[in-house]
file model16.tsv (TSV, C-alpha atoms)
chain	number	residue	atom	x	y	z
A	1	MET	CA	0.00	0.00	0.00
A	2	GLN	CA	2.70	2.48	0.95
A	3	GLN	CA	4.67	1.81	-2.22
A	4	ALA	CA	1.62	2.44	-4.39
A	5	LEU	CA	0.71	5.61	-2.53
A	6	ALA	CA	4.29	6.88	-2.57
A	7	HIS	CA	3.96	6.87	-6.36
A	8	GLY	CA	0.44	8.32	-6.42
A	9	VAL	CA	-1.20	5.07	-7.49
A	10	PRO	CA	-4.76	4.48	-6.23
A	11	LEU	CA	-5.66	1.11	-4.75
A	12	ILE	CA	-8.19	-1.69	-4.86
A	13	ALA	CA	-8.11	-3.37	-1.47
A	14	ALA	CA	-9.47	-6.64	-0.13
A	15	GLY	CA	-8.95	-8.66	3.00
A	16	ASP	CA	-10.77	-9.82	6.08
A	17	THR	CA	-8.00	-11.14	8.33
A	18	GLU	CA	-5.31	-9.59	10.52
A	19	ASP	CA	-5.26	-5.80	10.05
A	20	LYS	CA	-6.60	-5.85	6.50
A	21	PRO	CA	-10.13	-4.60	7.31
A	22	GLU	CA	-8.65	-1.59	9.10
A	23	VAL	CA	-6.21	-0.87	6.26
A	24	CYS	CA	-9.04	-1.19	3.74
A	25	ALA	CA	-11.17	1.20	5.78
A	26	ARG	CA	-8.33	3.75	5.79
A	27	ILE	CA	-8.01	3.43	2.02
A	28	THR	CA	-11.71	4.23	1.68
A	29	TYR	CA	-11.65	7.01	4.27
A	30	SER	CA	-8.72	8.77	2.62
A	31	GLY	CA	-10.29	8.44	-0.83
A	32	VAL	CA	-7.25	6.75	-2.35
A	33	GLY	CA	-9.03	3.59	-3.37
A	34	ILE	CA	-11.83	1.10	-3.14
A	35	ASP	CA	-12.40	-1.48	-0.41
A	36	LEU	CA	-14.00	-4.62	-1.83
A	37	LYS	CA	-15.09	-5.59	1.71
A	38	THR	CA	-14.25	-9.23	1.22
A	39	GLY	CA	-11.31	-11.52	1.71
A	40	ALA	CA	-11.98	-13.38	-1.52
A	41	PRO	CA	-13.04	-11.05	-4.32
A	42	ASP	CA	-14.12	-12.57	-7.60
A	43	ALA	CA	-13.12	-11.43	-11.07
A	44	ARG	CA	-16.27	-9.37	-11.54
A	45	GLN	CA	-15.73	-7.45	-8.28
A	46	LEU	CA	-12.16	-6.71	-9.27
A	47	GLY	CA	-13.14	-5.66	-12.79
A	48	ASP	CA	-15.94	-3.41	-11.58
A	49	ALA	CA	-13.63	-1.80	-9.03
A	50	LEU	CA	-10.94	-1.25	-11.65
A	51	ASP	CA	-13.44	0.34	-14.03
A	52	ARG	CA	-14.58	2.66	-11.26
A	53	LEU	CA	-11.02	3.48	-10.21
A	54	LEU	CA	-10.09	4.41	-13.76
A	55	ALA	CA	-13.29	6.36	-14.43
A	56	GLU	CA	-13.32	8.50	-11.30
A	57	PRO	CA	-10.35	10.91	-11.14
A	58	GLY	CA	-10.82	11.58	-7.42
A	59	TYR	CA	-9.00	8.38	-6.49
A	60	ARG	CA	-5.86	9.33	-8.43
A	61	ALA	CA	-6.03	12.90	-7.12
A	62	ALA	CA	-6.23	11.66	-3.52
A	63	ALA	CA	-3.38	9.21	-4.09
A	64	ARG	CA	-1.26	12.00	-5.55
A	65	ARG	CA	-2.00	14.22	-2.53
A	66	ILE	CA	-0.78	11.43	-0.24
A	67	ALA	CA	2.32	10.96	-2.40
A	68	ALA	CA	3.10	14.68	-2.13
A	69	ALA	CA	2.64	14.57	1.64
A	70	MET	CA	4.94	11.56	1.89
A	71	ARG	CA	7.64	13.36	-0.10
A	72	ARG	CA	7.56	16.29	2.34
A	73	HIS	CA	8.73	14.04	5.17
A	74	ASP	CA	11.92	12.18	5.95
A	75	ALA	CA	10.40	9.61	8.27
A	76	LEU	CA	13.69	8.18	9.52
A	77	ALA	CA	15.10	11.61	10.33
A	78	GLU	CA	11.87	12.59	12.10
A	79	ILE	CA	11.90	9.38	14.15
A	80	ALA	CA	15.56	9.88	15.07
A	81	ALA	CA	14.85	13.44	16.21
A	82	GLU	CA	11.94	12.28	18.38
A	83	VAL	CA	14.03	9.51	19.95
A	84	GLU	CA	16.85	11.97	20.68
A	85	THR	CA	14.39	14.40	22.28
A	86	LEU	CA	12.92	11.62	24.40
A	87	ALA	CA	16.37	10.40	25.42
A	88	ALA	CA	17.42	13.93	26.44
A	89	THR	CA	14.23	14.33	28.47
A	90	VAL	CA	14.77	11.03	30.29
A	91	THR	CA	18.43	11.88	30.94
A	92	ALA	CA	17.49	15.32	32.30
A	93	ARG	CA	14.86	13.84	34.61
A	94	ARG	CA	17.24	11.22	35.92
A	95	GLY	CA	19.87	13.89	36.53
A	96	SER	CA	17.50	16.11	38.50
A	97	ALA	CA	16.14	13.18	40.55
A	98	GLY	CA	19.52	12.34	42.02

call {"tool": "encode", "arguments": {"input": "model16.tsv", "output": "structure tokens"}}
result
Amino acid sequence: MQQALAHGVPLIAAGDTEDKPEVCARITYSGVGIDLKTGAPDARQLGDALDRLLAEPGYRAAARRIAAAMRRHDALAEIAAEVETLAATVTARRGSAG
């Protein structure tokens, strides 16, 4: 999912185990794709979803917005900065407690 969205590609999602229903719901909520609401879609469901995905430009527009948002962030650098801030806070608290 993240690879597709990083490139602005809308999605057709299916799944009813593990975290798939939640991921599918997020795809629908964000407007980047279609949730087939099944763990075993048939060819007709897939074809209908693909036709809809290709016919409605809102899916591609939403996927492109997500891609642009992803490009504005360096996730690893942001995580490292947060960890460093947390570590400094913990160190400061330990130093003042002694």

call {"tool": "atom_distance", "arguments": {"input": "model16.tsv", "atom1": "atom CA of Gly39 of chain A", "atom2": "atom CA of Ala67 of chain A"}}
result
26.6 Å

call {"tool": "residues_around", "arguments": {"input": "model16.tsv", "residues": "Leu5 of chain A", "least_positions_apart": "5", "cutoff": "8 Å", "atoms": "only C-alpha atoms", "output": "NGL selection string"}}
result
:A and (10 or 63-64 or 66-67)

call {"tool": "closest_residue", "arguments": {"input": "model16.tsv", "among": "A:Glu22, A:Val90, A:Gln2, A:Ile12", "to": "Asp48 of chain A", "atoms": "all atoms listed in the file"}}
result
A:Ile12

call {"tool": "closest_residue", "arguments": {"input": "model16.tsv", "among": "A:Ala68, A:Ile27, A:Leu53, A:Leu36", "to": "Gly15 of chain A", "atoms": "only C-alpha atoms"}}
result
A:Leu36

call {"tool": "atom_distance", "arguments": {"input": "model16.tsv", "atom1": "atom CA of Ala13 of chain A", "atom2": "atom CA of Leu76 of chain A"}}
result
27.0 Å

call {"tool": "atom_distance", "arguments": {"input": "model16.tsv", "atom1": "atom CA of Leu11 of chain A", "atom2": "atom CA of Gly33 of chain A"}}
result
4.4 Å

call {"tool": "residues_around", "arguments": {"input": "model16.tsv", "residues": "Thr17 of chain A", "least_positions_apart": "5", "cutoff": "12 Å", "atoms": "only C-alpha atoms", "output": "short mmCIF file (atom, residue, chain, number, x, y, z; two decimals) with C-alpha atoms, in the frame of the given file"}}
result
data_model
loop_
_atom_site.label_atom_id
_atom_site.label_comp_id
_atom_site.auth_asym_id
_atom_site.auth_seq_id
_atom_site.Cartn_x
_atom_site.Cartn_y
_atom_site.Cartn_z
CA GLU A 22 -8.65 -1.59 9.10
CA VAL A 23 -6.21 -0.87 6.26
CA CYS A 24 -9.04 -1.19 3.74
CA LYS A 37 -15.09 -5.59 1.71
CA THR A 38 -14.25 -9.23 1.22
CA GLY A 39 -11.31 -11.52 1.71
CA ALA A 40 -11.98 -13.38 -1.52
#

call {"tool": "closest_residue", "arguments": {"input": "model16.tsv", "among": "A:Ile79, A:Ala25, A:Ala92, A:Ile34", "to": "Glu56 of chain A", "atoms": "only C-alpha atoms"}}
result
A:Ile34

call {"tool": "closest_residue", "arguments": {"input": "model16.tsv", "among": "A:Met70, A:Leu86, A:Gly95, A:Ala77", "to": "Ala4 of chain A", "atoms": "only C-alpha atoms"}}
result
A:Met70

call {"tool": "closest_residue", "arguments": {"input": "model16.tsv", "among": "A:Ala6, A:Leu46, A:Val32, A:Met1", "to": "Gly58 of chain A", "atoms": "all atoms listed in the file"}}
result
A:Val32

call {"tool": "axis_aligned_box", "arguments": {"input": "model16.tsv", "around": "segment 37-56 of chain A", "padding_each_side": "6 Å", "output": "AutoDock Vina command-line options"}}
result
--center_x -13.2 --center_y -2.4 --center_z -6.4 --size_x 18.2 --size_y 33.9 --size_z 28.1

call {"tool": "closest_residue", "arguments": {"input": "model16.tsv", "among": "A:Arg26, A:Asp19, A:His7, A:Arg94", "to": "Ala69 of chain A", "atoms": "only C-alpha atoms"}}
result
A:His7

call {"tool": "decode", "arguments": {"input": "model16.tsv", "residues": "segment 5-19 of chain A", "atoms": "N, CA and C atoms", "output": "mmCIF file, in the first residue's frame"}}
result
data_model
loop_
_atom_site.group_PDB
_atom_site.id
_atom_site.type_symbol
_atom_site.label_atom_id
_atom_site.label_comp_id
_atom_site.auth_asym_id
_atom_site.auth_seq_id
_atom_site.Cartn_x
_atom_site.Cartn_y
_atom_site.Cartn_z
ATOM 1 N N LEU A 5 1.037 4.219 -2.860
ATOM 2 C CA LEU A 5 0.714 5.608 -2.531
ATOM 3 C C LEU A 5 1.908 6.535 -2.677
ATOM 4 N N ALA A 6 3.097 6.051 -2.398
ATOM 5 C CA ALA A 6 4.293 6.880 -2.569
ATOM 6 C C ALA A 6 4.462 7.320 -4.023
ATOM 7 N N HIS A 7 3.878 6.547 -4.932
ATOM 8 C CA HIS A 7 3.956 6.870 -6.361
ATOM 9 C C HIS A 7 2.644 7.427 -6.900
ATOM 10 N N GLY A 8 1.700 7.725 -6.002
ATOM 11 C CA GLY A 8 0.444 8.322 -6.421
ATOM 12 C C GLY A 8 -0.507 7.372 -7.120
ATOM 13 N N VAL A 9 -0.370 6.079 -6.836
ATOM 14 C CA VAL A 9 -1.199 5.070 -7.491
ATOM 15 C C VAL A 9 -2.365 4.695 -6.574
ATOM 16 N N PRO A 10 -3.599 4.864 -7.042
ATOM 17 C CA PRO A 10 -4.756 4.482 -6.228
ATOM 18 C C PRO A 10 -4.851 2.965 -6.097
ATOM 19 N N LEU A 11 -5.652 2.518 -5.128
ATOM 20 C CA LEU A 11 -5.664 1.109 -4.748
ATOM 21 C C LEU A 11 -7.039 0.469 -4.825
ATOM 22 N N ILE A 12 -7.032 -0.827 -5.075
ATOM 23 C CA ILE A 12 -8.187 -1.687 -4.864
ATOM 24 C C ILE A 12 -7.766 -2.622 -3.751
ATOM 25 N N ALA A 13 -8.522 -2.627 -2.656
ATOM 26 C CA ALA A 13 -8.114 -3.375 -1.470
ATOM 27 C C ALA A 13 -9.136 -4.442 -1.109
ATOM 28 N N ALA A 14 -8.618 -5.552 -0.594
ATOM 29 C CA ALA A 14 -9.473 -6.636 -0.130
ATOM 30 C C ALA A 14 -8.760 -7.335 1.013
ATOM 31 N N GLY A 15 -9.541 -7.901 1.900
ATOM 32 C CA GLY A 15 -8.951 -8.661 2.997
ATOM 33 C C GLY A 15 -9.862 -8.635 4.207
ATOM 34 N N ASP A 16 -9.919 -9.761 4.896
ATOM 35 C CA ASP A 16 -10.772 -9.825 6.080
ATOM 36 C C ASP A 16 -10.085 -10.511 7.255
ATOM 37 N N THR A 17 -8.759 -10.574 7.215
ATOM 38 C CA THR A 17 -8.001 -11.137 8.326
ATOM 39 C C THR A 17 -6.934 -10.153 8.772
ATOM 40 N N GLU A 18 -6.335 -10.442 9.925
ATOM 41 C CA GLU A 18 -5.311 -9.586 10.517
ATOM 42 C C GLU A 18 -5.762 -8.121 10.528
ATOM 43 N N ASP A 19 -4.920 -7.227 10.032
ATOM 44 C CA ASP A 19 -5.260 -5.800 10.054
ATOM 45 C C ASP A 19 -5.858 -5.323 8.735
#
